[in-house]
>>> print(open('structure-v3.cif').read())   # mmCIF, N, CA and C atoms
data_upload
#
loop_
_atom_site.label_atom_id
_atom_site.label_comp_id
_atom_site.auth_asym_id
_atom_site.auth_seq_id
_atom_site.Cartn_x
_atom_site.Cartn_y
_atom_site.Cartn_z
N MET A 1 0.84 -1.17 0.00
CA MET A 1 0.00 0.00 0.00
C MET A 1 0.89 1.24 0.00
N THR A 2 0.47 2.28 -0.69
CA THR A 2 1.26 3.50 -0.82
C THR A 2 0.62 4.62 0.00
N PHE A 3 1.46 5.48 0.56
CA PHE A 3 0.97 6.60 1.35
C PHE A 3 1.39 7.90 0.69
N ASN A 4 0.51 8.92 0.77
CA ASN A 4 0.89 10.22 0.23
C ASN A 4 1.66 11.01 1.29
N ASN A 5 2.06 12.23 0.98
CA ASN A 5 2.89 13.00 1.91
C ASN A 5 2.17 13.43 3.18
N LYS A 6 0.88 13.24 3.26
CA LYS A 6 0.12 13.55 4.46
C LYS A 6 -0.09 12.31 5.32
N GLY A 7 0.46 11.17 4.89
CA GLY A 7 0.36 9.95 5.66
C GLY A 7 -0.88 9.13 5.41
N SER A 8 -1.76 9.57 4.51
CA SER A 8 -2.97 8.80 4.24
C SER A 8 -2.76 7.88 3.04
N VAL A 9 -3.56 6.86 2.97
CA VAL A 9 -3.43 5.86 1.92
C VAL A 9 -3.77 6.46 0.56
N MET A 10 -2.97 6.16 -0.42
CA MET A 10 -3.21 6.60 -1.79
C MET A 10 -3.57 5.36 -2.59
N LEU A 11 -4.71 5.39 -3.27
CA LEU A 11 -5.14 4.25 -4.08
C LEU A 11 -4.49 4.32 -5.45
N GLN A 12 -4.11 3.16 -5.95
CA GLN A 12 -3.54 3.06 -7.28
C GLN A 12 -4.41 2.13 -8.11
N GLY A 13 -4.41 2.36 -9.41
CA GLY A 13 -5.19 1.51 -10.30
C GLY A 13 -4.51 1.38 -11.65
N SER A 14 -4.96 0.39 -12.41
CA SER A 14 -4.38 0.15 -13.73
C SER A 14 -5.31 -0.74 -14.54
N CYS A 15 -5.00 -0.79 -15.83
CA CYS A 15 -5.71 -1.73 -16.70
C CYS A 15 -5.06 -3.10 -16.56
N CYS A 16 -5.57 -4.10 -17.23
CA CYS A 16 -5.07 -5.47 -17.13
C CYS A 16 -3.61 -5.59 -17.57
N CYS A 17 -3.22 -4.89 -18.64
CA CYS A 17 -1.85 -5.01 -19.15
C CYS A 17 -0.89 -4.03 -18.49
N GLY A 18 -1.40 -3.09 -17.69
CA GLY A 18 -0.55 -2.14 -16.99
C GLY A 18 -0.15 -0.92 -17.79
N THR A 19 -0.67 -0.77 -18.99
CA THR A 19 -0.34 0.40 -19.80
C THR A 19 -0.95 1.67 -19.20
N VAL A 20 -2.22 1.59 -18.82
CA VAL A 20 -2.91 2.74 -18.21
C VAL A 20 -2.77 2.60 -16.69
N LYS A 21 -2.19 3.61 -16.07
CA LYS A 21 -2.02 3.62 -14.62
C LYS A 21 -2.50 4.96 -14.09
N PHE A 22 -3.11 4.92 -12.91
CA PHE A 22 -3.59 6.15 -12.28
C PHE A 22 -3.49 6.02 -10.77
N LYS A 23 -3.68 7.15 -10.10
CA LYS A 23 -3.72 7.13 -8.64
C LYS A 23 -4.76 8.12 -8.15
N LEU A 24 -5.21 7.89 -6.93
CA LEU A 24 -6.12 8.80 -6.24
C LEU A 24 -5.42 9.31 -5.00
N THR A 25 -5.48 10.60 -4.77
CA THR A 25 -4.86 11.16 -3.59
C THR A 25 -5.85 11.34 -2.44
N SER A 26 -7.11 11.06 -2.71
CA SER A 26 -8.11 11.00 -1.65
C SER A 26 -9.08 9.88 -2.02
N PRO A 27 -9.73 9.29 -1.03
CA PRO A 27 -10.58 8.13 -1.31
C PRO A 27 -11.80 8.47 -2.16
N PRO A 28 -12.32 7.47 -2.88
CA PRO A 28 -13.56 7.67 -3.63
C PRO A 28 -14.69 8.05 -2.68
N THR A 29 -15.70 8.73 -3.23
CA THR A 29 -16.80 9.19 -2.39
C THR A 29 -17.90 8.15 -2.19
N MET A 30 -18.10 7.27 -3.17
CA MET A 30 -19.13 6.23 -3.03
C MET A 30 -18.94 5.17 -4.10
N MET A 31 -19.63 4.05 -3.90
CA MET A 31 -19.61 2.93 -4.84
C MET A 31 -21.04 2.57 -5.20
N GLY A 32 -21.25 2.26 -6.48
CA GLY A 32 -22.57 1.82 -6.94
C GLY A 32 -22.42 0.83 -8.08
N THR A 33 -23.49 0.07 -8.30
CA THR A 33 -23.49 -0.92 -9.37
C THR A 33 -24.62 -0.63 -10.34
N CYS A 34 -24.28 -0.58 -11.62
CA CYS A 34 -25.27 -0.37 -12.67
C CYS A 34 -25.52 -1.69 -13.38
N HIS A 35 -26.78 -2.01 -13.58
CA HIS A 35 -27.16 -3.27 -14.23
C HIS A 35 -27.68 -3.06 -15.64
N CYS A 36 -27.49 -1.85 -16.20
CA CYS A 36 -27.97 -1.60 -17.56
C CYS A 36 -27.16 -2.44 -18.55
N THR A 37 -27.73 -2.68 -19.71
CA THR A 37 -27.07 -3.52 -20.70
C THR A 37 -25.75 -2.90 -21.16
N ARG A 38 -25.66 -1.59 -21.24
CA ARG A 38 -24.41 -0.95 -21.68
C ARG A 38 -23.28 -1.21 -20.70
N CYS A 39 -23.52 -1.03 -19.43
CA CYS A 39 -22.46 -1.25 -18.43
C CYS A 39 -22.06 -2.72 -18.38
N ARG A 40 -23.05 -3.59 -18.45
CA ARG A 40 -22.72 -5.03 -18.42
C ARG A 40 -21.88 -5.41 -19.64
N LYS A 41 -22.26 -4.91 -20.82
CA LYS A 41 -21.53 -5.26 -22.03
C LYS A 41 -20.14 -4.65 -22.08
N SER A 42 -19.94 -3.53 -21.40
CA SER A 42 -18.62 -2.91 -21.40
C SER A 42 -17.67 -3.63 -20.44
N GLY A 43 -18.20 -4.53 -19.63
CA GLY A 43 -17.36 -5.32 -18.76
C GLY A 43 -17.10 -4.73 -17.39
N ALA A 44 -17.79 -3.66 -17.06
CA ALA A 44 -17.63 -3.06 -15.74
C ALA A 44 -18.93 -2.40 -15.33
N SER A 45 -19.52 -2.89 -14.28
CA SER A 45 -20.77 -2.29 -13.85
C SER A 45 -20.71 -1.79 -12.41
N THR A 46 -19.64 -2.08 -11.67
CA THR A 46 -19.48 -1.52 -10.34
C THR A 46 -18.44 -0.42 -10.44
N PHE A 47 -18.84 0.76 -10.02
CA PHE A 47 -18.01 1.95 -10.13
C PHE A 47 -17.80 2.59 -8.77
N VAL A 48 -16.69 3.30 -8.64
CA VAL A 48 -16.50 4.20 -7.52
C VAL A 48 -16.45 5.61 -8.10
N PHE A 49 -16.95 6.55 -7.37
CA PHE A 49 -16.97 7.93 -7.84
C PHE A 49 -15.81 8.69 -7.20
N VAL A 50 -15.02 9.33 -8.06
CA VAL A 50 -13.81 10.01 -7.61
C VAL A 50 -13.91 11.50 -7.94
N LYS A 51 -13.16 12.29 -7.20
CA LYS A 51 -13.10 13.73 -7.45
C LYS A 51 -12.00 14.01 -8.47
N ARG A 52 -12.30 14.90 -9.41
CA ARG A 52 -11.35 15.25 -10.47
C ARG A 52 -10.00 15.66 -9.90
N ASP A 53 -9.99 16.51 -8.85
CA ASP A 53 -8.72 17.01 -8.32
C ASP A 53 -7.94 15.96 -7.53
N ALA A 54 -8.53 14.80 -7.27
CA ALA A 54 -7.83 13.71 -6.57
C ALA A 54 -7.36 12.62 -7.53
N PHE A 55 -7.76 12.71 -8.80
CA PHE A 55 -7.41 11.69 -9.80
C PHE A 55 -6.22 12.15 -10.63
N GLU A 56 -5.22 11.29 -10.75
CA GLU A 56 -4.07 11.61 -11.58
C GLU A 56 -3.75 10.42 -12.48
N LEU A 57 -3.77 10.66 -13.77
CA LEU A 57 -3.38 9.65 -14.75
C LEU A 57 -1.86 9.63 -14.80
N LEU A 58 -1.25 8.50 -14.49
CA LEU A 58 0.20 8.38 -14.42
C LEU A 58 0.83 7.97 -15.74
N SER A 59 0.13 7.11 -16.49
CA SER A 59 0.66 6.66 -17.78
C SER A 59 -0.46 6.10 -18.63
N GLY A 60 -0.20 6.04 -19.93
CA GLY A 60 -1.13 5.39 -20.84
C GLY A 60 -2.19 6.27 -21.46
N ALA A 61 -2.11 7.57 -21.32
CA ALA A 61 -3.14 8.46 -21.88
C ALA A 61 -3.36 8.19 -23.36
N GLU A 62 -2.28 7.93 -24.08
CA GLU A 62 -2.37 7.68 -25.52
C GLU A 62 -3.04 6.34 -25.84
N SER A 63 -3.18 5.48 -24.86
CA SER A 63 -3.80 4.17 -25.07
C SER A 63 -5.26 4.11 -24.62
N ILE A 64 -5.79 5.22 -24.17
CA ILE A 64 -7.20 5.25 -23.74
C ILE A 64 -8.07 5.56 -24.94
N THR A 65 -9.01 4.67 -25.20
CA THR A 65 -10.00 4.86 -26.25
C THR A 65 -11.32 5.17 -25.58
N THR A 66 -12.03 6.16 -26.10
CA THR A 66 -13.30 6.57 -25.52
C THR A 66 -14.44 6.25 -26.46
N TYR A 67 -15.41 5.49 -25.95
CA TYR A 67 -16.63 5.20 -26.70
C TYR A 67 -17.64 6.28 -26.36
N LYS A 68 -18.12 6.98 -27.37
CA LYS A 68 -19.12 8.03 -27.18
C LYS A 68 -20.45 7.52 -27.74
N PRO A 69 -21.41 7.29 -26.87
CA PRO A 69 -22.68 6.70 -27.30
C PRO A 69 -23.59 7.68 -28.02
N GLU A 70 -24.54 7.12 -28.74
CA GLU A 70 -25.57 7.94 -29.38
C GLU A 70 -26.70 8.18 -28.39
N ALA A 71 -27.43 9.27 -28.60
CA ALA A 71 -28.59 9.60 -27.76
C ALA A 71 -29.58 8.43 -27.78
N PRO A 72 -30.25 8.16 -26.70
CA PRO A 72 -30.42 8.99 -25.51
C PRO A 72 -29.31 8.79 -24.47
N TYR A 73 -28.36 7.89 -24.72
CA TYR A 73 -27.28 7.68 -23.76
C TYR A 73 -26.32 8.86 -23.79
N LYS A 74 -25.74 9.20 -22.62
CA LYS A 74 -24.89 10.36 -22.58
C LYS A 74 -23.54 10.13 -21.92
N TYR A 75 -23.32 8.97 -21.32
CA TYR A 75 -22.08 8.74 -20.60
C TYR A 75 -21.06 8.01 -21.47
N ASN A 76 -19.88 8.60 -21.60
CA ASN A 76 -18.79 7.97 -22.35
C ASN A 76 -18.21 6.82 -21.54
N ARG A 77 -17.58 5.89 -22.22
CA ARG A 77 -16.90 4.78 -21.57
C ARG A 77 -15.49 4.71 -22.11
N CYS A 78 -14.52 4.61 -21.22
CA CYS A 78 -13.12 4.55 -21.62
C CYS A 78 -12.58 3.14 -21.48
N PHE A 79 -11.68 2.78 -22.39
CA PHE A 79 -11.08 1.45 -22.42
C PHE A 79 -9.60 1.58 -22.73
N CYS A 80 -8.81 0.61 -22.29
CA CYS A 80 -7.43 0.53 -22.72
C CYS A 80 -7.45 -0.07 -24.12
N SER A 81 -6.82 0.59 -25.08
CA SER A 81 -6.83 0.11 -26.46
C SER A 81 -5.94 -1.12 -26.66
N LYS A 82 -5.09 -1.43 -25.70
CA LYS A 82 -4.21 -2.60 -25.82
C LYS A 82 -4.84 -3.87 -25.25
N CYS A 83 -5.43 -3.78 -24.05
CA CYS A 83 -5.98 -5.00 -23.42
C CYS A 83 -7.50 -5.00 -23.33
N GLY A 84 -8.13 -3.86 -23.58
CA GLY A 84 -9.59 -3.79 -23.56
C GLY A 84 -10.21 -3.56 -22.20
N SER A 85 -9.41 -3.38 -21.16
CA SER A 85 -9.96 -3.16 -19.82
C SER A 85 -10.88 -1.95 -19.82
N SER A 86 -12.04 -2.12 -19.19
CA SER A 86 -12.97 -1.03 -19.01
C SER A 86 -12.49 -0.17 -17.85
N LEU A 87 -12.42 1.14 -18.06
CA LEU A 87 -11.85 2.05 -17.06
C LEU A 87 -12.87 2.97 -16.42
N GLY A 88 -14.08 3.01 -16.94
CA GLY A 88 -15.07 3.97 -16.45
C GLY A 88 -15.03 5.22 -17.31
N GLU A 89 -15.02 6.38 -16.68
CA GLU A 89 -15.02 7.66 -17.41
C GLU A 89 -13.77 8.47 -17.08
N VAL A 90 -12.60 7.84 -17.16
CA VAL A 90 -11.36 8.47 -16.71
C VAL A 90 -10.95 9.71 -17.51
N THR A 91 -11.54 9.95 -18.67
CA THR A 91 -11.23 11.17 -19.43
C THR A 91 -12.25 12.28 -19.19
N SER A 92 -13.18 12.05 -18.29
CA SER A 92 -14.20 13.04 -17.98
C SER A 92 -13.58 14.33 -17.45
N THR A 93 -14.20 15.44 -17.77
CA THR A 93 -13.78 16.72 -17.23
C THR A 93 -14.70 17.18 -16.10
N ASN A 94 -15.66 16.35 -15.74
CA ASN A 94 -16.58 16.68 -14.64
C ASN A 94 -15.84 16.73 -13.31
N GLU A 95 -16.43 17.41 -12.35
CA GLU A 95 -15.85 17.53 -11.02
C GLU A 95 -15.76 16.18 -10.31
N SER A 96 -16.70 15.29 -10.61
CA SER A 96 -16.72 13.94 -10.07
C SER A 96 -17.12 13.00 -11.19
N PHE A 97 -16.55 11.82 -11.22
CA PHE A 97 -16.86 10.87 -12.30
C PHE A 97 -16.61 9.43 -11.82
N PRO A 98 -17.20 8.45 -12.51
CA PRO A 98 -17.02 7.06 -12.10
C PRO A 98 -15.78 6.41 -12.72
N VAL A 99 -15.13 5.59 -11.92
CA VAL A 99 -14.00 4.77 -12.35
C VAL A 99 -14.38 3.32 -12.02
N ALA A 100 -14.09 2.42 -12.94
CA ALA A 100 -14.42 1.00 -12.72
C ALA A 100 -13.71 0.49 -11.47
N ALA A 101 -14.48 -0.05 -10.53
CA ALA A 101 -13.92 -0.54 -9.27
C ALA A 101 -12.91 -1.66 -9.48
N ASN A 102 -13.09 -2.44 -10.54
CA ASN A 102 -12.19 -3.56 -10.80
C ASN A 102 -10.79 -3.13 -11.19
N CYS A 103 -10.57 -1.87 -11.50
CA CYS A 103 -9.25 -1.39 -11.94
C CYS A 103 -8.32 -1.04 -10.79
N PHE A 104 -8.81 -1.04 -9.57
CA PHE A 104 -7.95 -0.63 -8.46
C PHE A 104 -7.04 -1.77 -8.03
N ASP A 105 -5.79 -1.42 -7.77
CA ASP A 105 -4.79 -2.41 -7.38
C ASP A 105 -4.81 -2.69 -5.88
N ASN A 106 -5.29 -1.74 -5.08
CA ASN A 106 -5.41 -2.00 -3.65
C ASN A 106 -6.88 -1.99 -3.24
N GLU A 107 -7.11 -2.42 -2.04
CA GLU A 107 -8.46 -2.57 -1.52
C GLU A 107 -9.16 -1.23 -1.39
N ILE A 108 -10.40 -1.17 -1.84
CA ILE A 108 -11.22 0.04 -1.70
C ILE A 108 -12.05 -0.12 -0.43
N GLN A 109 -11.98 0.84 0.44
CA GLN A 109 -12.67 0.76 1.73
C GLN A 109 -14.09 1.34 1.64
N LEU A 110 -14.88 0.80 0.71
CA LEU A 110 -16.27 1.24 0.54
C LEU A 110 -17.16 0.02 0.38
N LYS A 111 -18.41 0.20 0.71
CA LYS A 111 -19.43 -0.81 0.42
C LYS A 111 -20.33 -0.25 -0.68
N ASN A 112 -20.91 -1.13 -1.44
CA ASN A 112 -21.83 -0.73 -2.49
C ASN A 112 -23.04 -0.03 -1.87
N LEU A 113 -23.33 1.19 -2.34
CA LEU A 113 -24.45 1.96 -1.77
C LEU A 113 -25.75 1.79 -2.54
N PHE A 114 -25.65 1.47 -3.85
CA PHE A 114 -26.88 1.39 -4.63
C PHE A 114 -26.70 0.49 -5.85
N HIS A 115 -27.82 0.05 -6.36
CA HIS A 115 -27.93 -0.68 -7.63
C HIS A 115 -28.88 0.13 -8.49
N GLU A 116 -28.46 0.48 -9.71
CA GLU A 116 -29.34 1.20 -10.61
C GLU A 116 -29.64 0.35 -11.84
N PHE A 117 -30.72 0.70 -12.50
CA PHE A 117 -31.22 -0.04 -13.66
C PHE A 117 -31.46 -1.52 -13.35
N VAL A 118 -32.03 -1.76 -12.17
CA VAL A 118 -32.32 -3.15 -11.81
C VAL A 118 -33.38 -3.74 -12.73
N LYS A 119 -34.13 -2.90 -13.44
CA LYS A 119 -35.11 -3.41 -14.40
C LYS A 119 -34.43 -4.11 -15.58
N GLU A 120 -33.14 -3.83 -15.81
CA GLU A 120 -32.39 -4.46 -16.89
C GLU A 120 -31.48 -5.58 -16.40
N LYS A 121 -31.50 -5.86 -15.12
CA LYS A 121 -30.67 -6.91 -14.53
C LYS A 121 -31.05 -8.26 -15.12
N PRO A 122 -30.08 -9.07 -15.52
CA PRO A 122 -30.42 -10.39 -16.05
C PRO A 122 -30.93 -11.30 -14.93
N SER A 123 -31.77 -12.24 -15.29
CA SER A 123 -32.37 -13.13 -14.29
C SER A 123 -31.34 -14.01 -13.59
N TRP A 124 -30.21 -14.28 -14.24
CA TRP A 124 -29.20 -15.15 -13.64
C TRP A 124 -28.38 -14.46 -12.55
N TYR A 125 -28.49 -13.12 -12.45
CA TYR A 125 -27.73 -12.38 -11.44
C TYR A 125 -28.62 -12.07 -10.25
N GLU A 126 -28.19 -12.43 -9.07
CA GLU A 126 -28.96 -12.17 -7.86
C GLU A 126 -28.25 -11.10 -7.03
N ILE A 127 -28.96 -10.02 -6.75
CA ILE A 127 -28.41 -8.97 -5.88
C ILE A 127 -28.43 -9.52 -4.46
N SER A 128 -27.27 -9.53 -3.83
CA SER A 128 -27.19 -10.19 -2.52
C SER A 128 -26.67 -9.26 -1.42
N ASP A 129 -26.83 -7.96 -1.60
CA ASP A 129 -26.48 -7.04 -0.53
C ASP A 129 -27.70 -6.19 -0.17
N ASP A 130 -27.54 -5.33 0.81
CA ASP A 130 -28.65 -4.51 1.30
C ASP A 130 -28.68 -3.11 0.68
N ALA A 131 -27.89 -2.88 -0.37
CA ALA A 131 -27.84 -1.56 -0.99
C ALA A 131 -29.19 -1.20 -1.60
N LYS A 132 -29.48 0.09 -1.66
CA LYS A 132 -30.73 0.57 -2.26
C LYS A 132 -30.79 0.16 -3.72
N GLN A 133 -32.01 -0.11 -4.18
CA GLN A 133 -32.21 -0.51 -5.58
C GLN A 133 -33.11 0.50 -6.27
N PHE A 134 -32.72 0.86 -7.51
CA PHE A 134 -33.46 1.82 -8.31
C PHE A 134 -33.74 1.20 -9.68
N MET A 135 -34.92 1.43 -10.19
CA MET A 135 -35.28 0.89 -11.50
C MET A 135 -34.47 1.54 -12.61
N GLU A 136 -34.10 2.83 -12.45
CA GLU A 136 -33.28 3.55 -13.41
C GLU A 136 -32.21 4.30 -12.64
N HIS A 137 -31.74 5.46 -13.14
CA HIS A 137 -30.78 6.28 -12.39
C HIS A 137 -31.45 6.77 -11.12
N PRO A 138 -30.74 6.81 -10.00
CA PRO A 138 -31.32 7.29 -8.74
C PRO A 138 -31.86 8.71 -8.80
N HIS A 139 -31.29 9.57 -9.64
CA HIS A 139 -31.73 10.97 -9.71
C HIS A 139 -32.95 11.18 -10.58
N GLN A 140 -33.46 10.12 -11.23
CA GLN A 140 -34.63 10.27 -12.11
C GLN A 140 -35.92 10.14 -11.34
#
>>> encode(input="structure-v3.cif", output="structure tokens")
Amino acid sequence: MTFNNKGSVMLQGSCCCGTVKFKLTSPPTMMGTCHCTRCRKSGASTFVFVKRDAFELLSGAESITTYKPEAPYKYNRCFCSKCGSSLGEVTSTNESFPVAANCFDNEIQLKNLFHEFVKEKPSWYEISDDAKQFMEHPHQ
């Protein structure tokens, strides 16, 4: 585990091949799971939300490919162009954005807070935690 200059834990993450590497200088704010077909097909549906000023891309910027969906969808999805790892929205310019939880190299000290788009959840997947469930986005 790595510590920043203030003595707190710094989270590190990467794609499967290690080309794209990043770090967080403060912990993510929350974790949620999306069950929509787009998130499932992209290979990452559990995300942590990070603050822009705490996220630093260390390497691999040139290997990040961004999928920009057609309307009505509005959220981009980033991937490593070498190994295909789903990264979340690491090229977002928003103040806060989701990063795929599976990309972190160290343990994330969060519990899943919500499940969204449970109406699109496949029948073979059983939600087995106590997190809140929403038929669509929680803000809708």
>>> closest_residue(input="structure-v3.cif", among="A:Phe114, A:Phe55, A:Tyr125, A:Phe134", to="Phe22 of chain A", atoms="all atoms listed in the file")
A:Phe55
>>> atom_distance(input="structure-v3.cif", atom1="atom CA of Pro28 of chain A", atom2="atom CA of Cys15 of chain A")
17.9 Å
>>> residues_around(input="structure-v3.cif", residues="Ala100 of chain A", least_positions_apart="4", cutoff="6.5 Å", atoms="all atoms listed in the file", output="list in words")
Ala44, Thr46, Phe47, Val48, Ser86, Leu87, Gly88, Glu89 and Phe104 of chain A
>>> write_last_selection(input="structure-v3.cif", atoms="N, CA and C atoms", output="tab-separated table (two decimals), keeping the file's coordinate frame")
chain	number	residue	atom	x	y	z
A	44	ALA	N	-17.79	-3.66	-17.06
A	44	ALA	CA	-17.63	-3.06	-15.74
A	44	ALA	C	-18.93	-2.40	-15.33
A	46	THR	N	-19.64	-2.08	-11.67
A	46	THR	CA	-19.48	-1.52	-10.34
A	46	THR	C	-18.44	-0.42	-10.44
A	47	PHE	N	-18.84	0.76	-10.02
A	47	PHE	CA	-18.01	1.95	-10.13
A	47	PHE	C	-17.80	2.59	-8.77
A	48	VAL	N	-16.69	3.30	-8.64
A	48	VAL	CA	-16.50	4.20	-7.52
A	48	VAL	C	-16.45	5.61	-8.10
A	86	SER	N	-12.04	-2.12	-19.19
A	86	SER	CA	-12.97	-1.03	-19.01
A	86	SER	C	-12.49	-0.17	-17.85
A	87	LEU	N	-12.42	1.14	-18.06
A	87	LEU	CA	-11.85	2.05	-17.06
A	87	LEU	C	-12.87	2.97	-16.42
A	88	GLY	N	-14.08	3.01	-16.94
A	88	GLY	CA	-15.07	3.97	-16.45
A	88	GLY	C	-15.03	5.22	-17.31
A	89	GLU	N	-15.02	6.38	-16.68
A	89	GLU	CA	-15.02	7.66	-17.41
A	89	GLU	C	-13.77	8.47	-17.08
A	104	PHE	N	-8.81	-1.04	-9.57
A	104	PHE	CA	-7.95	-0.63	-8.46
A	104	PHE	C	-7.04	-1.77	-8.03
>>> resolve_selection(input="structure-v3.cif", expression="the PyMOL selection byres (((chain A and resi 20 and name CA) around 10) and name CA)", output="PyMOL selection string")
chain A and resi 13-19+21-22+57-64+79-83+85+87+103
>>> residues_around(input="structure-v3.cif", residues="His35 of chain A", least_positions_apart="6", cutoff="9 Å", atoms="only C-alpha atoms", output="PyMOL selection string")
chain A and resi 45-46+115-122
>>> atom_distance(input="structure-v3.cif", atom1="atom CA of Ser26 of chain A", atom2="atom N of Asp105 of chain A")
14.0 Å
>>> resolve_selection(input="structure-v3.cif", expression="the PyMOL selection byres (((chain A and resi 109 and name CA) around 10) and name CA)", output="list in words")
Pro27, Pro28, Met30, Met31, Asn106, Glu107, Ile108, Leu110 and Lys111 of chain A
>>> closest_residue(input="structure-v3.cif", among="A:Thr65, A:Ser96, A:Asn112, A:Gln133", to="Cys78 of chain A", atoms="only N, CA and C atoms")
A:Thr65
